[in-house]
Protein chains: 4
Amino acid sequence: MKKILVTGFDPFGNEPINPAIEAVKLLPNEIKGVEIVKLEIPTIRYQSLELIDQTIQAVDPDAILSIGQAGGRFDMTVERVGINQDDFRIPDNGGNQPIDEPVYKDGQAAYFSNLPIKAMVEYMKKANIPASVSNTAGTFACNHVLYGVQYLIDTKYPGKKSGFMHIPFMTQQVVDKPNMPSLDIETMAKGIEAALEAIIDYQAGDIVKGGGATH
Amino acid sequence: MKKILVTGFDPFGNEPINPAIEAVKLLPNEIKGVEIVKLEIPTIRYQSLELIDQTIQAVDPDAILSIGQAGGRFDMTVERVGINQDDFRIPDNGGNQPIDEPVYKDGQAAYFSNLPIKAMVEYMKKANIPASVSNTAGTFACNHVLYGVQYLIDTKYPGKKSGFMHIPFMTQQVVDKPNMPSLDIETMAKGIEAALEAIIDYQAGDIVKGGGATH
Amino acid sequence: MKKILVTGFDPFGNEPINPAIEAVKLLPNEIKGVEIVKLEIPTIRYQSLELIDQTIQAVDPDAILSIGQAGGRFDMTVERVGINQDDFRIPDNGGNQPIDEPVYKDGQAAYFSNLPIKAMVEYMKKANIPASVSNTAGTFACNHVLYGVQYLIDTKYPGKKSGFMHIPFMTQQVVDKPNMPSLDIETMAKGIEAALEAIIDYQAGDIVKGGGATH
Amino acid sequence: MKKILVTGFDPFGNEPINPAIEAVKLLPNEIKGVEIVKLEIPTIRYQSLELIDQTIQAVDPDAILSIGQAGGRFDMTVERVGINQDDFRIPDNGGNQPIDEPVYKDGQAAYFSNLPIKAMVEYMKKANIPASVSNTAGTFACNHVLYGVQYLIDTKYPGKKSGFMHIPFMTQQVVDKPNMPSLDIETMAKGIEAALEAIIDYQAGDIVKGGGATH
C-alpha cells in the first residue's frame with residue numbers, strides 16, 4: 001500500500017464549518033510510510049463523486065477513506081454499508097433534493113465497505129477515542145459518496161478499497177446547540193489517523209470482532 | 001389483496017415481554033376487508049425465517065409485515081432496507097451469536113422493502129402516532145428477518161411484498177429504565193393498524209415524499 | 001384529609017394543548033373518599049398564584065398538587081424543591097419575561113415540598129408508570145407556582161401541604177418532534193391518581209427511600 | 001481580589017479518574033493578577049467541607065469555586081443554587097449514603113451562589129466552549145459542597161464568594177460508554193479559566209441576561 005486518498009466535505013446546512021475537512025487538514029502527510037493524499041469535496045450530488053473519480057485517476061490510491069459530519073452522533077463511526085438510495089432531507093450545496101432515487105441505476109442495492117471496519121474501531125478505542133461501527137450512513141451526501149465510490153471500485157477500479165467515517169460536531173460548533181455532543185477537532189484528527197493505521201495494518205482482512213447493533 | 005401476515009418476536013435479552021408480539025395480538029383480524037394473520041416467531045436465527053416460510057406456504061399471504069422491538073427508539077420506525085449481514089451484539093434465544101456472517105450466501109448485499117414505507121409513516125402520523133423511516137434495522141434478529149423474508153420473496157415467492165417495523169419499548173418496560181422512551185402498547189397497535197391500511201391502500205406504489213436522513 | 005386541589009396549566013409556548021390540564025380533567029372526582037377539586041390555571045406570572053390563593057380560600061383543601069408540562073422529560077417527575085427565582089427563558093402567556101427576580105422578596109431562598117414525594121414516586125412505579133424525583137422545577141411558571149404555593153402555606157395557610165409534578169409531552173404532541181419522549185395521556189392521568197393516593201396514605205410523613213441524583 | 005481557591009473532587013463511583021481535579025491541575029497559577037490556589041478534596045460527606053474550611057482559614061481566598069464531574073451532561077454548567085438536602089444515590093468514598101438528611105440542620109433551605117454565574121457562562125461561550133446555567137447540582141457530594149461552602153460563608157466568612165461548576169466526562173472516560181457526551185480535558189480547563197476571568201471581572205455584580213429553564 002503506497003497511497004491513501006482521504007476526502008472531507010465542505011460545509012453544508014447552516015454550518016459555517018465542516019469538521020470533516022477540518023480534521024482531514026490536520027492529518028499528517030505520511031503514516032507508516034504510506035502517503036496520505038487529502039481532498040476537499042463539494043457537498044453536491046455526483047460532483048463529489050466526479051472529483052473523487054478524477055483524483056483516483058490522477059493519484060491512483062490503494063484506498064479511499066471519506067469523512068463526513070454527523071451532527072448529533074457522539075463518537076467516531078465507521079460505516080459498514082452504503083445503500084443505492086438518494087433521499088435528501090435537506091438540499092445539498094447545489095440545490096439538489098432527490099427523493100428515493102438510486103445513486104446509480106445499474107448499481108447493486110448496497111455495497112459493503114471493504115475496509116477493515118472493526119480494526120479501525122479498535123485502533124481508535126485503543127487511542128482513547130470513542131468509536132463504533134455504524135450500520136447506516138443515512139441517505140444524503142455521505143451515503144451517496146460511500147455507495148458511489150464503492151460502485152466506482154466495483155465497476156472501474158478492481159482491487160482498490162474504500163470506506164466512510166462519520167464524525168461528530170467539533171466542540172466549537174455546539175456552543176449554541178443545547179445538549180448536543182461534540183468532540184475536539186484534534187481528537188478527531190487523531191482518530192482518523194488511528195483508523196488509517198488500521199487500514200494499513202489490516203490489508204489482508206478485518207479482525208473478527210463483534211460490532212453489531214440490535215436495531 | 002386478501003391476506004397480510006403480521007409477525008411479532010417473542011421476548012429476548014433481559015426483557016420478560018416483547019411489545020412486538022403484544023402489539024400484534026391487539027390487532028383486529030380484518031382491516032378494510034383484508035384478513036390479518038398473526039404469527040409469533042422465535043428470536044432465533046433462521047428458525048424465525050423457517051416458521052415464516054412455512055406460514056407463507058400454508059397461508060399464502062399477499063404481504064408480510066414483521067414487527068420487532070427497538071428499545072431506545074422514540075417512535076414507530078418503518079425500515080427501508082435489510083442488509084446481508086448477521087453481527088449479533090447479544091446472543092439470540094438459541095444462543096447464536098454470529099459475527100459478520102451473511103444471512104444467505106447467495107443473496108444480494110441488501111434488499112429494499114417493497115412495501116409503501118413512506119405511506120405507512122404518513123398514515124401513522126395522521127393517526128397522531130409518532131413515526132418515521134429508518135435506514136437501518138441493525139444486524140441482529142430483526143434485520144435477519146427483514147432481509148431474509150425479502151430474500152424468500154426474491155427467490156421463491158415473486159409478487160409478494162414484505163417489510164419490517166421497529167417499535168419502541170412499551171411504557172411498562174421502562175419503569176426502571178431512567179430516561180428511556182416508550183409508547184403505550186395500544187397506541188403502538190393502532191400505529192401498526194394504520195400502517196397496514198397504508199399497505200392496503202398503496203399496492204400500486206409508494207407516495208413520493210421525503211423521508212431521508214442526513215446520516 | 002377531605003379535599004385535594006389539583007391544578008393544571010393552560011397551553012404555553014408553541015403548543016396548542018397542555019397535557020397538564022388534559023390529564024387533570026381525566027382524574028376522578030373522588031379518590032379514597034377524598035374530594036378532588038380540579039382547577040385550570042393561567043401560565044401567567046402571579047395570576048396563576050392569585051387564582052390558586054382564591055381557590056384555597058373558597059375550597060379550603062388539605063393539600064394542593066400542581067401539574068405542569070415538561071417537554072423533553074421521559075417520566076412523571078415529582079419535584080422536591082422550589083426556588084425563589086423567576087428567570088423565564090420564554091415569555092409567559094401574559095408576556096412577562098423576568099430575569100433573576102425573586103418570586104416573593106420576603107420569601108425563603110427555597111421551599112421543599114411537604115408532600116410525600118418518595119411515596120408518590122413509588123405508587124406510580126407500582127402502577128407500572130415511569131416516575132422519579134426531580135431536584136429542579138426550572139425557573140419558569142412551574143417553579144413559580146411550586147415555590148409560590150408553598151410560600152402561601154408558609155405565610156397564610158399553616159398545616160396545608162403542597163407540591164408539584166412535571167409530566168412529559170403527551171404522545172400526540174410529539175408526532176412532528178423527532179426523538180422526543182412522550183407518555184399516553186391516560187397513562188399520565190393514572191399516574192397522577194396513583195400519586196394522589198400516596199398523598200392520602202402518607203399524611204404523617206414520607207417513606208424513607210433513596211431518590212437522589214449525583215448531579 | 002487577590003486569591004481564588006479552586007477545588008476538584010477525587011474519583012468516585014466506578015471511574016478511575018475525575019475530570020474535575022484533572023482540569024483544576026491544568027489551570028494557571030495566576031489569572032489577571034489573581035492567585036489561583038488549587039485543592040483536591042475527597043468525595044466524602046463533610047470531610048470535603050472540613051478541608052475547604054481549613055484551607056479558607058489558611059489561605060483566606062476572596063472566592064471559592066468548586067468543580068465536580070457530571071457524567072452525562074453535555075456542557076460546562078454553572079450551578080445557580082445548592083439545597084439543604086443530602087440524598088445520595090450511590091455511597092460516597094467514605095461509604096456514606098444519607099437519605100433526605102439536611103447538610104446543616106440550622107442552615108437555610110437553600111443558598112444561591114453569589115458568583116456572577118451568567119457572566120461565567122458568557123465568558124465560556126465567548127471562548128467557544130459550550131456552557132449554560134444549571135438549576136440543580138443534584139443531592140450528592142457536589143450539592144453538599146455547593147451548599148456547604150455557601151453556608152460557611154453565611155455563618156463564618158462574610159464577604160467571600162463561592163459557587164460550583166459541573167463539567168462533563170472527559171473524552172477518554174467515554175470510550176466504552178456508548179452515546180455518552182464528553183469534552184476534551186484541555187477544553188474544560190480553558191473553560192474554567194474563562195469562568196475565573198468572569199469572577200474577577202464581575203466582582204460588583206452579575207450581568208443581567210436570561211439563563212433560565214422552563215423545567
# chains A, B, ... in the order shown; residues from 1 in each chain; ligands from 1
>>> residues_around(residues="Glu197 of chain B", least_positions_apart="5", cutoff="12 Å", atoms="only C-alpha atoms", output="MDAnalysis selection string")
chainID B and resid 1 4 27:28 30:36 65 115:117 119:124 126:127 190:192 202:203
>>> interface_residues(of="chain B", to="chain C", cutoff="8 Å", atoms="only C-alpha atoms", output="list in words")
Arg73, Phe74, Asp75, Lys125, Asn128, Ile129, Pro130, Ala131, Thr171, Gln172, Val174, Val175, Asp176, Pro178, Asn179, Met180, Pro181, Ser182, Leu183 and Asp184 of chain B
>>> residues_around(residues="Ala110 of chain A", least_positions_apart="2", cutoff="6 Å", atoms="only C-alpha atoms", output="VMD selection string")
(chain A and resid 82 to 84 108) or (chain B and resid 109 to 110)
>>> select_by_dssp(residues="segment 16-179 of chain C", states="helix (DSSP H, G or I)", output="PyMOL selection string")
chain C and resi 19-25+47-59+117-126+141-155+171-174
>>> select_by_dssp(residues="segment 3-153 of chain A", states="strand (DSSP E)", output="ChimeraX atom specification")
/A:3-9,30-31,34-41,63-69,76-79,81-83,110-112,131-134
>>> write_last_selection(atoms="N, CA and C atoms", output="tab-separated table (two decimals), in the first residue's frame")
chain	number	residue	atom	x	y	z
A	3	LYS	N	-0.47	4.66	-1.21
A	3	LYS	CA	-1.19	5.92	-1.06
A	3	LYS	C	-2.61	5.67	-0.57
A	4	ILE	N	-3.08	6.55	0.31
A	4	ILE	CA	-4.49	6.55	0.69
A	4	ILE	C	-5.05	7.95	0.42
A	5	LEU	N	-6.14	7.98	-0.30
A	5	LEU	CA	-6.84	9.25	-0.54
A	5	LEU	C	-7.85	9.46	0.59
A	6	VAL	N	-7.76	10.59	1.25
A	6	VAL	CA	-8.71	10.90	2.32
A	6	VAL	C	-9.49	12.15	1.92
A	7	THR	N	-10.81	12.02	1.83
A	7	THR	CA	-11.63	13.16	1.41
A	7	THR	C	-12.42	13.71	2.59
A	8	GLY	N	-12.72	15.03	2.52
A	8	GLY	CA	-13.57	15.67	3.53
A	8	GLY	C	-14.52	16.64	2.84
A	9	PHE	N	-15.76	16.65	3.26
A	9	PHE	CA	-16.75	17.54	2.64
A	9	PHE	C	-16.56	18.99	3.07
A	30	GLU	N	2.05	11.60	5.82
A	30	GLU	CA	2.52	10.23	5.67
A	30	GLU	C	2.25	9.47	6.95
A	31	ILE	N	1.75	8.25	6.84
A	31	ILE	CA	1.51	7.40	8.00
A	31	ILE	C	2.09	6.03	7.70
A	34	VAL	N	3.07	5.31	4.25
A	34	VAL	CA	2.05	5.45	3.21
A	34	VAL	C	1.71	6.93	3.04
A	35	GLU	N	1.67	7.38	1.79
A	35	GLU	CA	1.34	8.78	1.53
A	35	GLU	C	-0.14	9.03	1.75
A	36	ILE	N	-0.46	10.10	2.45
A	36	ILE	CA	-1.86	10.48	2.68
A	36	ILE	C	-2.18	11.67	1.77
A	37	VAL	N	-3.06	11.44	0.81
A	37	VAL	CA	-3.46	12.50	-0.12
A	37	VAL	C	-4.80	13.06	0.34
A	38	LYS	N	-4.85	14.37	0.58
A	38	LYS	CA	-6.06	15.00	1.14
A	38	LYS	C	-6.85	15.72	0.05
A	39	LEU	N	-8.16	15.60	0.13
A	39	LEU	CA	-9.01	16.19	-0.91
A	39	LEU	C	-10.30	16.75	-0.32
A	40	GLU	N	-10.57	18.02	-0.55
A	40	GLU	CA	-11.86	18.59	-0.16
A	40	GLU	C	-12.85	18.36	-1.29
A	41	ILE	N	-14.02	17.86	-0.94
A	41	ILE	CA	-15.02	17.58	-1.98
A	41	ILE	C	-16.29	18.38	-1.68
A	63	ALA	N	-6.37	2.98	-1.46
A	63	ALA	CA	-7.61	3.01	-0.69
A	63	ALA	C	-8.14	4.44	-0.63
A	64	ILE	N	-9.45	4.56	-0.50
A	64	ILE	CA	-10.10	5.86	-0.37
A	64	ILE	C	-10.92	5.84	0.90
A	65	LEU	N	-10.64	6.78	1.80
A	65	LEU	CA	-11.43	6.93	3.02
A	65	LEU	C	-12.08	8.30	2.99
A	66	SER	N	-13.40	8.33	3.02
A	66	SER	CA	-14.10	9.61	3.00
A	66	SER	C	-14.63	9.93	4.40
A	67	ILE	N	-14.59	11.22	4.72
A	67	ILE	CA	-15.01	11.66	6.06
A	67	ILE	C	-16.18	12.63	5.91
A	68	GLY	N	-17.19	12.46	6.77
A	68	GLY	CA	-18.34	13.35	6.74
A	68	GLY	C	-18.83	13.71	8.13
A	69	GLN	N	-19.50	14.83	8.24
A	69	GLN	CA	-20.04	15.30	9.52
A	69	GLN	C	-21.36	14.60	9.83
A	76	MET	N	-16.82	8.63	16.87
A	76	MET	CA	-16.34	8.38	15.52
A	76	MET	C	-17.02	7.10	15.03
A	77	THR	N	-17.69	7.14	13.90
A	77	THR	CA	-18.40	5.96	13.44
A	77	THR	C	-17.90	5.54	12.07
A	78	VAL	N	-17.51	4.26	12.00
A	78	VAL	CA	-17.06	3.69	10.73
A	78	VAL	C	-18.26	3.03	10.08
A	79	GLU	N	-18.58	3.43	8.86
A	79	GLU	CA	-19.78	2.92	8.21
A	79	GLU	C	-19.54	1.54	7.61
A	81	VAL	N	-21.91	0.00	5.47
A	81	VAL	CA	-22.58	-0.26	4.19
A	81	VAL	C	-23.19	1.02	3.62
A	82	GLY	N	-23.13	1.15	2.31
A	82	GLY	CA	-23.81	2.23	1.60
A	82	GLY	C	-24.94	1.66	0.78
A	83	ILE	N	-26.07	2.38	0.73
A	83	ILE	CA	-27.23	1.85	0.00
A	83	ILE	C	-27.51	2.69	-1.24
A	110	ALA	N	-26.80	-2.41	-2.49
A	110	ALA	CA	-25.89	-1.84	-1.49
A	110	ALA	C	-24.48	-2.35	-1.74
A	111	TYR	N	-23.50	-1.64	-1.22
A	111	TYR	CA	-22.13	-2.13	-1.21
A	111	TYR	C	-21.61	-2.06	0.22
A	112	PHE	N	-20.99	-3.15	0.66
A	112	PHE	CA	-20.31	-3.10	1.95
A	112	PHE	C	-18.94	-2.47	1.76
A	131	ALA	N	-15.39	5.31	19.58
A	131	ALA	CA	-15.63	4.90	18.19
A	131	ALA	C	-16.52	3.68	18.16
A	132	SER	N	-17.24	3.51	17.07
A	132	SER	CA	-18.08	2.33	16.90
A	132	SER	C	-18.39	2.13	15.42
A	133	VAL	N	-18.93	0.95	15.10
A	133	VAL	CA	-19.42	0.67	13.76
A	133	VAL	C	-20.81	1.28	13.62
A	134	SER	N	-21.09	1.87	12.48
A	134	SER	CA	-22.45	2.33	12.18
A	134	SER	C	-22.99	1.51	11.02
>>> atom_distance(atom1="atom CA of Ser113 of chain C", atom2="atom CA of Arg80 of chain C")
5.7 Å
>>> residues_around(residues="His144 of chain C", least_positions_apart="5", cutoff="9 Å", atoms="only C-alpha atoms", output="PDB file with N, CA and C atoms, in the first residue's frame")
ATOM      1  N   ARG C  45     -47.381  34.719  35.217  1.00  0.00           N
ATOM      2  CA  ARG C  45     -46.731  35.023  36.477  1.00  0.00           C
ATOM      3  C   ARG C  45     -47.701  35.708  37.456  1.00  0.00           C
ATOM      4  N   TYR C  46     -47.768  35.263  38.663  1.00  0.00           N
ATOM      5  CA  TYR C  46     -48.605  35.771  39.755  1.00  0.00           C
ATOM      6  C   TYR C  46     -50.096  35.510  39.534  1.00  0.00           C
ATOM      7  N   SER C  48     -51.411  33.019  38.118  1.00  0.00           N
ATOM      8  CA  SER C  48     -51.576  31.615  38.490  1.00  0.00           C
ATOM      9  C   SER C  48     -51.712  31.494  40.007  1.00  0.00           C
ATOM     10  N   LEU C  49     -50.845  32.162  40.721  1.00  0.00           N
ATOM     11  CA  LEU C  49     -50.844  32.064  42.186  1.00  0.00           C
ATOM     12  C   LEU C  49     -52.066  32.737  42.801  1.00  0.00           C
ATOM     13  N   GLY C  82     -38.801  24.105  45.344  1.00  0.00           N
ATOM     14  CA  GLY C  82     -38.979  25.296  44.514  1.00  0.00           C
ATOM     15  C   GLY C  82     -38.040  26.386  44.989  1.00  0.00           C
ATOM     16  N   ILE C  83     -37.477  27.160  44.053  1.00  0.00           N
ATOM     17  CA  ILE C  83     -36.506  28.183  44.436  1.00  0.00           C
ATOM     18  C   ILE C  83     -37.064  29.581  44.186  1.00  0.00           C
ATOM     19  N   ASN C  84     -36.554  30.534  44.945  1.00  0.00           N
ATOM     20  CA  ASN C  84     -37.087  31.899  44.894  1.00  0.00           C
ATOM     21  C   ASN C  84     -36.465  32.685  43.742  1.00  0.00           C
ATOM     22  N   GLN C  85     -36.764  32.242  42.529  1.00  0.00           N
ATOM     23  CA  GLN C  85     -36.120  32.842  41.370  1.00  0.00           C
ATOM     24  C   GLN C  85     -37.019  32.697  40.142  1.00  0.00           C
ATOM     25  N   ASP C  86     -37.321  33.818  39.513  1.00  0.00           N
ATOM     26  CA  ASP C  86     -38.006  33.823  38.221  1.00  0.00           C
ATOM     27  C   ASP C  86     -36.993  34.222  37.158  1.00  0.00           C
ATOM     28  N   VAL C 103     -39.458  35.380  43.391  1.00  0.00           N
ATOM     29  CA  VAL C 103     -40.913  35.199  43.325  1.00  0.00           C
ATOM     30  C   VAL C 103     -41.547  36.088  44.386  1.00  0.00           C
ATOM     31  N   ALA C 137     -37.378  22.316  39.299  1.00  0.00           N
ATOM     32  CA  ALA C 137     -38.591  22.589  38.539  1.00  0.00           C
ATOM     33  C   ALA C 137     -38.344  23.715  37.551  1.00  0.00           C
ATOM     34  N   GLY C 138     -37.068  24.017  37.298  1.00  0.00           N
ATOM     35  CA  GLY C 138     -36.730  25.107  36.394  1.00  0.00           C
ATOM     36  C   GLY C 138     -36.880  26.456  37.070  1.00  0.00           C
ATOM     37  N   THR C 139     -37.035  27.483  36.235  1.00  0.00           N
ATOM     38  CA  THR C 139     -37.149  28.852  36.765  1.00  0.00           C
ATOM     39  C   THR C 139     -38.271  29.608  36.064  1.00  0.00           C
ATOM     40  N   VAL C 149     -46.903  28.571  45.989  1.00  0.00           N
ATOM     41  CA  VAL C 149     -47.940  27.941  46.810  1.00  0.00           C
ATOM     42  C   VAL C 149     -47.368  27.570  48.178  1.00  0.00           C
TER      43      VAL C 149
END
>>> atom_distance(atom1="atom CA of Ile21 of chain B", atom2="atom CA of Ile167 of chain B")
10.7 Å
>>> atom_distance(atom1="atom CA of Gln54 of chain D", atom2="atom CA of Thr155 of chain D")
14.8 Å
>>> residues_around(residues="Lys209 of chain D", least_positions_apart="3", cutoff="9 Å", atoms="only C-alpha atoms", output="list in words")
Ile99 and Asp100 of chain C; Lys118, Ala119 and Asp206 of chain D
>>> write_last_selection(atoms="all heavy atoms", output="mmCIF file, in the first residue's frame")
data_model
loop_
_atom_site.group_PDB
_atom_site.id
_atom_site.type_symbol
_atom_site.label_atom_id
_atom_site.label_comp_id
_atom_site.auth_asym_id
_atom_site.auth_seq_id
_atom_site.Cartn_x
_atom_site.Cartn_y
_atom_site.Cartn_z
ATOM 1 N N ILE C 99 -35.969 38.315 34.555
ATOM 2 C CA ILE C 99 -34.646 37.693 34.646
ATOM 3 C C ILE C 99 -34.149 37.806 36.084
ATOM 4 O O ILE C 99 -33.999 38.912 36.611
ATOM 5 C CB ILE C 99 -33.644 38.382 33.699
ATOM 6 C CG1 ILE C 99 -34.052 38.154 32.244
ATOM 7 C CG2 ILE C 99 -32.224 37.865 33.936
ATOM 8 C CD1 ILE C 99 -33.141 38.823 31.233
ATOM 9 N N ASP C 100 -33.946 36.693 36.708
ATOM 10 C CA ASP C 100 -33.334 36.632 38.043
ATOM 11 C C ASP C 100 -34.036 37.520 39.068
ATOM 12 O O ASP C 100 -33.376 38.189 39.883
ATOM 13 C CB ASP C 100 -31.834 36.994 37.957
ATOM 14 C CG ASP C 100 -31.060 35.955 37.146
ATOM 15 O OD1 ASP C 100 -31.612 34.875 36.891
ATOM 16 O OD2 ASP C 100 -29.902 36.234 36.774
ATOM 17 N N LYS D 118 -24.044 34.167 35.356
ATOM 18 C CA LYS D 118 -24.377 34.462 33.949
ATOM 19 C C LYS D 118 -23.131 34.932 33.201
ATOM 20 O O LYS D 118 -22.907 34.574 32.045
ATOM 21 C CB LYS D 118 -25.466 35.537 33.871
ATOM 22 C CG LYS D 118 -26.774 35.188 34.595
ATOM 23 C CD LYS D 118 -27.529 34.098 33.907
ATOM 24 C CE LYS D 118 -28.822 33.715 34.618
ATOM 25 N NZ LYS D 118 -29.904 34.663 34.513
ATOM 26 N N ALA D 119 -22.324 35.746 33.847
ATOM 27 C CA ALA D 119 -21.077 36.208 33.209
ATOM 28 C C ALA D 119 -20.120 35.037 32.993
ATOM 29 O O ALA D 119 -19.425 34.963 31.974
ATOM 30 C CB ALA D 119 -20.414 37.281 34.075
ATOM 31 N N ASP D 206 -23.433 40.475 38.878
ATOM 32 C CA ASP D 206 -23.543 39.693 37.649
ATOM 33 C C ASP D 206 -24.136 40.545 36.527
ATOM 34 O O ASP D 206 -24.717 41.606 36.760
ATOM 35 C CB ASP D 206 -24.432 38.464 37.906
ATOM 36 C CG ASP D 206 -24.197 37.341 36.903
ATOM 37 O OD1 ASP D 206 -23.426 37.521 35.939
ATOM 38 O OD2 ASP D 206 -24.794 36.269 37.096
#
>>> decode(residues="segment 25-37 of chain D", atoms="N, CA and C atoms", output="CSV table (one decimal), in the first residue's frame")
chain,number,residue,atom,x,y,z
D,25,LYS,N,-5.9,20.8,37.9
D,25,LYS,CA,-4.5,20.7,37.8
D,25,LYS,C,-3.9,21.5,36.6
D,26,LEU,N,-4.7,21.6,35.6
D,26,LEU,CA,-4.2,22.2,34.3
D,26,LEU,C,-4.4,23.8,34.4
D,27,LEU,N,-5.0,24.3,35.4
D,27,LEU,CA,-5.2,25.8,35.5
D,27,LEU,C,-3.9,26.5,35.7
D,28,PRO,N,-3.7,27.7,35.2
D,28,PRO,CA,-2.5,28.5,35.5
D,28,PRO,C,-2.6,28.9,37.0
D,29,ASN,N,-1.4,29.3,37.5
D,29,ASN,CA,-1.3,29.6,38.9
D,29,ASN,C,-1.7,31.1,39.2
D,30,GLU,N,-1.9,31.8,38.1
D,30,GLU,CA,-2.3,33.2,38.3
D,30,GLU,C,-3.2,33.6,37.1
D,31,ILE,N,-4.3,34.3,37.3
D,31,ILE,CA,-5.1,34.8,36.2
D,31,ILE,C,-5.4,36.3,36.5
D,32,LYS,N,-5.0,37.1,35.5
D,32,LYS,CA,-5.3,38.6,35.7
D,32,LYS,C,-4.8,39.1,37.0
D,33,GLY,N,-3.6,38.6,37.4
D,33,GLY,CA,-3.0,39.1,38.7
D,33,GLY,C,-3.6,38.5,39.9
D,34,VAL,N,-4.5,37.6,39.8
D,34,VAL,CA,-5.1,36.9,41.0
D,34,VAL,C,-4.5,35.5,41.1
D,35,GLU,N,-4.1,35.2,42.3
D,35,GLU,CA,-3.5,33.9,42.6
D,35,GLU,C,-4.6,32.8,42.6
D,36,ILE,N,-4.3,31.7,41.9
D,36,ILE,CA,-5.2,30.6,41.8
D,36,ILE,C,-4.7,29.5,42.7
D,37,VAL,N,-5.4,29.2,43.8
D,37,VAL,CA,-4.9,28.2,44.7
D,37,VAL,C,-5.8,26.9,44.5
